[in-house]
Every structure is written in C-alpha cells, then in structure tokens.
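Pasting model-v1.pdb here (PDB, C-alpha atoms):
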ATOM      1  CA  PHE A   1       0.000   0.000   0.000  1.00  0.00           C
ATOM      2  CA  ALA A   2       2.964   2.323   0.281  1.00  0.00           C
ATOM      3  CA  ASP A   3       2.984   2.674  -3.514  1.00  0.00           C
ATOM      4  CA  GLU A   4       2.835   6.343  -4.511  1.00  0.00           C
ATOM      5  CA  ARG A   5      -0.127   5.713  -6.820  1.00  0.00           C
ATOM      6  CA  TYR A   6      -2.116   4.335  -3.877  1.00  0.00           C
ATOM      7  CA  VAL A   7      -1.372   7.445  -1.867  1.00  0.00           C
ATOM      8  CA  GLN A   8      -2.242   9.773  -4.753  1.00  0.00           C
ATOM      9  CA  ASP A   9      -5.462   7.842  -5.373  1.00  0.00           C
ATOM     10  CA  ARG A  10      -6.463   8.278  -1.718  1.00  0.00           C
ATOM     11  CA  LEU A  11      -5.748  12.011  -1.931  1.00  0.00           C
ATOM     12  CA  ASP A  12      -7.759  12.327  -5.147  1.00  0.00           C
ATOM     13  CA  ALA A  13     -10.618  10.297  -3.643  1.00  0.00           C
ATOM     14  CA  GLY A  14     -10.640  12.518  -0.559  1.00  0.00           C
ATOM     15  CA  ASP A  15     -10.844  15.607  -2.754  1.00  0.00           C
ATOM     16  CA  ALA A  16     -13.674  14.087  -4.802  1.00  0.00           C
ATOM     17  CA  TYR A  17     -15.626  13.115  -1.692  1.00  0.00           C
ATOM     18  CA  PHE A  18     -15.115  16.610  -0.268  1.00  0.00           C
ATOM     19  CA  ARG A  19     -16.404  18.236  -3.449  1.00  0.00           C
ATOM     20  CA  GLY A  20     -19.382  15.879  -3.323  1.00  0.00           C
ATOM     21  CA  ASN A  21     -20.158  16.817   0.293  1.00  0.00           C
ATOM     22  CA  SER A  22     -19.382  13.289   1.508  1.00  0.00           C
ATOM     23  CA  PHE A  23     -17.222  14.557   4.338  1.00  0.00           C
ATOM     24  CA  ARG A  24     -17.056  11.359   6.407  1.00  0.00           C
ATOM     25  CA  GLN A  25     -15.746   9.428   3.412  1.00  0.00           C
ATOM     26  CA  ALA A  26     -13.328  12.257   2.676  1.00  0.00           C
ATOM     27  CA  VAL A  27     -11.940  12.024   6.213  1.00  0.00           C
ATOM     28  CA  ARG A  28     -11.353   8.279   5.770  1.00  0.00           C
ATOM     29  CA  GLN A  29      -9.517   8.832   2.499  1.00  0.00           C
ATOM     30  CA  TYR A  30      -7.324  11.617   3.873  1.00  0.00           C
ATOM     31  CA  PHE A  31      -6.411   9.514   6.921  1.00  0.00           C
ATOM     32  CA  ALA A  32      -5.504   6.616   4.597  1.00  0.00           C
ATOM     33  CA  CYS A  33      -3.397   8.972   2.509  1.00  0.00           C
ATOM     34  CA  LEU A  34      -1.575  10.388   5.521  1.00  0.00           C
ATOM     35  CA  GLU A  35      -0.769   6.918   6.801  1.00  0.00           C
ATOM     36  CA  TYR A  36       1.556   6.284   3.848  1.00  0.00           C
ATOM     37  CA  ALA A  37       2.097   9.740   2.348  1.00  0.00           C
ATOM     38  CA  PRO A  38       5.577  10.922   1.512  1.00  0.00           C
ATOM     39  CA  ARG A  39       6.384  14.255   3.100  1.00  0.00           C
ATOM     40  CA  THR A  40       5.636  16.085  -0.146  1.00  0.00           C
ATOM     41  CA  MET A  41       1.965  15.011  -0.048  1.00  0.00           C
ATOM     42  CA  GLU A  42       1.343  15.656   3.635  1.00  0.00           C
ATOM     43  CA  PRO A  43       0.307  19.332   3.360  1.00  0.00           C
ATOM     44  CA  ASP A  44      -2.437  18.665   0.810  1.00  0.00           C
ATOM     45  CA  ALA A  45      -3.800  15.646   2.675  1.00  0.00           C
ATOM     46  CA  THR A  46      -3.641  17.470   6.005  1.00  0.00           C
ATOM     47  CA  LEU A  47      -5.496  20.455   4.564  1.00  0.00           C
ATOM     48  CA  GLY A  48      -8.159  18.186   3.108  1.00  0.00           C
ATOM     49  CA  LEU A  49      -8.545  16.414   6.422  1.00  0.00           C
ATOM     50  CA  GLY A  50      -8.876  19.683   8.309  1.00  0.00           C
ATOM     51  CA  ARG A  51     -11.443  21.068   5.853  1.00  0.00           C
ATOM     52  CA  SER A  52     -13.476  17.869   6.015  1.00  0.00           C
ATOM     53  CA  LEU A  53     -13.481  17.816   9.796  1.00  0.00           C
ATOM     54  CA  LEU A  54     -14.621  21.444   9.804  1.00  0.00           C
ATOM     55  CA  ALA A  55     -17.411  20.618   7.387  1.00  0.00           C
ATOM     56  CA  LEU A  56     -18.567  17.926   9.807  1.00  0.00           C
ATOM     57  CA  GLY A  57     -18.626  20.478  12.623  1.00  0.00           C
ATOM     58  CA  HIS A  58     -15.557  19.118  14.421  1.00  0.00           C
ATOM     59  CA  GLU A  59     -13.727  22.425  14.851  1.00  0.00           C
ATOM     60  CA  GLU A  60     -11.708  21.312  17.883  1.00  0.00           C
ATOM     61  CA  GLU A  61     -10.429  18.271  16.021  1.00  0.00           C
ATOM     62  CA  ALA A  62      -9.749  20.144  12.768  1.00  0.00           C
ATOM     63  CA  LEU A  63      -7.742  23.023  14.207  1.00  0.00           C
ATOM     64  CA  PRO A  64      -4.552  21.093  15.099  1.00  0.00           C
ATOM     65  CA  TYR A  65      -4.341  19.706  11.560  1.00  0.00           C
ATOM     66  CA  LEU A  66      -4.824  23.111   9.982  1.00  0.00           C
ATOM     67  CA  THR A  67      -2.317  24.897  12.211  1.00  0.00           C
ATOM     68  CA  ARG A  68       0.219  22.096  11.796  1.00  0.00           C
ATOM     69  CA  ILE A  69       0.558  22.921   8.104  1.00  0.00           C
ATOM     70  CA  GLU A  70       2.022  26.347   8.836  1.00  0.00           C
ATOM     71  CA  SER A  71       4.403  25.074  11.494  1.00  0.00           C
ATOM     72  CA  ASP A  72       5.586  21.967   9.611  1.00  0.00           C
ATOM     73  CA  PHE A  73       5.482  23.311   6.031  1.00  0.00           C
ATOM     74  CA  PRO A  74       5.935  27.105   6.295  1.00  0.00           C
ATOM     75  CA  THR A  75       6.848  27.595   2.620  1.00  0.00           C
ATOM     76  CA  HIS A  76       4.222  25.298   1.108  1.00  0.00           C
ATOM     77  CA  PRO A  77       1.429  27.029  -0.872  1.00  0.00           C
ATOM     78  CA  THR A  78      -1.283  25.326   1.212  1.00  0.00           C
ATOM     79  CA  VAL A  79      -0.332  27.529   4.174  1.00  0.00           C
ATOM     80  CA  TYR A  80      -2.597  30.312   2.918  1.00  0.00           C
ATOM     81  CA  ALA A  81      -5.604  28.021   2.555  1.00  0.00           C
ATOM     82  CA  ALA A  82      -4.846  26.461   5.946  1.00  0.00           C
ATOM     83  CA  ARG A  83      -4.883  29.902   7.562  1.00  0.00           C
ATOM     84  CA  TYR A  84      -8.243  30.644   5.977  1.00  0.00           C
ATOM     85  CA  TRP A  85      -9.795  27.346   7.092  1.00  0.00           C
ATOM     86  CA  ALA A  86      -8.296  27.690  10.574  1.00  0.00           C
ATOM     87  CA  ALA A  87      -9.918  31.118  10.869  1.00  0.00           C
ATOM     88  CA  MET A  88     -13.238  29.513   9.941  1.00  0.00           C
ATOM     89  CA  ALA A  89     -12.838  27.214  12.956  1.00  0.00           C
ATOM     90  CA  TYR A  90     -12.987  30.184  15.322  1.00  0.00           C
TER
END
As structure tokens, please, write out the structure in this file.
Amino acid sequence: FADERYVQDRLDAGDAYFRGNSFRQAVRQYFACLEYAPRTMEPDATLGLGRSLLALGHEEEALPYLTRIESDFPTHPTVYAARYWAAMAY
C-alpha cells in the first residue's frame, strides 16, 4: 500500500468526496493517505482532512491539523488556505 499511486489515489478520492459533500468518506480517504504519504503530499492531505473535519462540525479536532501545516510546512502554498480554514474554525 505504500505505492505512490495508492497514496495519490487516496488524496484524489478525498478531494472528490469533499467536493461531493461526503465529508465522512473524505476524512477516511485523507487519513488513509496520511498513513503512507511521503512528506511532499502531507500538506495537501492534512489540509483536506482539516477542511473535512470542519465541514462535519468538528472544529476542535480540525484546528490542530490546519495549524500544523504552517508550522511543519511554512513555505508550502497550502499555508494560505490552511490559515483561511483555521480562521473559519474560530
């Protein structure tokens, strides 16, 4: 399962479920992605997970994922989206 295609497929599935408002399924896919993700994929999967948790109304659970992006990946482009979604949690 550590194959990069598997990880990318989980990320893509999470994004598709999120766009389709299937947030519980999105959370499952993002968690599966993060389990095996190389460091380069972590910011996108973490952002997706945080957004999905927020959409489910789990602000307290989402916030650590969203704020972790800025601390762990300060130069990654997802930082700006993570800041936005973290502000939505407040």
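Taking CA of Arg28 in chain A and CA of Ala86 in chain A as endpoints, the distance between them is 20.2 Å.
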### Task
Can you pull out every residue within 10 Å of Ala45 in chain A, counting only C-alpha atoms, but drop anything in the same chain fewer than 4 positions away, and send it as an NGL selection string?
:A and (7-8 or 10-12 or 14-15 or 27 or 29-34 or 37 or 40-41 or 49-51 or 65)
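The space between CA of Ala62 in chain A and CA of Tyr6 in chain A spans 24.2 Å.
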### Nearest residue to Glu60 in chain A from the set A:Ala82, A:Asn21, A:Met88, A:His76 (distances using only C-alpha atoms)
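Of the candidates, the smallest distance to Glu60 in chain A is held by A:Met88.
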### Message
So that I can see what lies close to Pro43 in chain A, please list as an MDAnalysis selection string the residues with an atom at most 8 Å from it, counting all atoms listed in the file and leaving out residues fewer than 4 positions away in the same chain.
### Response
chainID A and resid 39 47 69 73 76 78
### Spatial neighbours of Glu59 in chain A, 8 Å, all atoms listed in the file, chain gap at least 4 places, as a list in words
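Returned residues: Leu53, Leu54, Leu63, Ala89 and Tyr90 of chain A.
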### Message
One number please: CA of Arg5 in chain A to CA of Pro74 in chain A, in Å, one decimal.
### Response
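Computed distance, CA of Arg5 in chain A to CA of Pro74 in chain A, equals 25.8 Å.
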### Task
Between A:Asp44, A:Phe23, A:Leu66, A:Phe18, single out the one closest to Ala87 in chain A, counting all atoms listed in the file.
A:Leu66
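Considering all atoms listed in the file, the residue among A:Tyr84, A:Ala16, A:Gln25, A:Val79 positioned nearest to Thr46 in chain A is A:Val79.
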### Query
At most 6 Å from (-15.4, 16.5, 4.1), file frame, all atoms listed in the file: which residues, as an MDAnalysis selection string?
chainID A and resid 18 22:24 26 52 55
Around all the atoms of range 46-53 of chain A listed in the file, draw an axis-aligned box and extend it by 8 Å on each of the six sides; I want its centre and edge lengths in Å to one decimal, as lines of an AutoDock Vina configuration file.
center_x = -8.6
center_y = 18.7
center_z = 6.5
size_x = 25.8
size_y = 20.7
size_z = 22.7
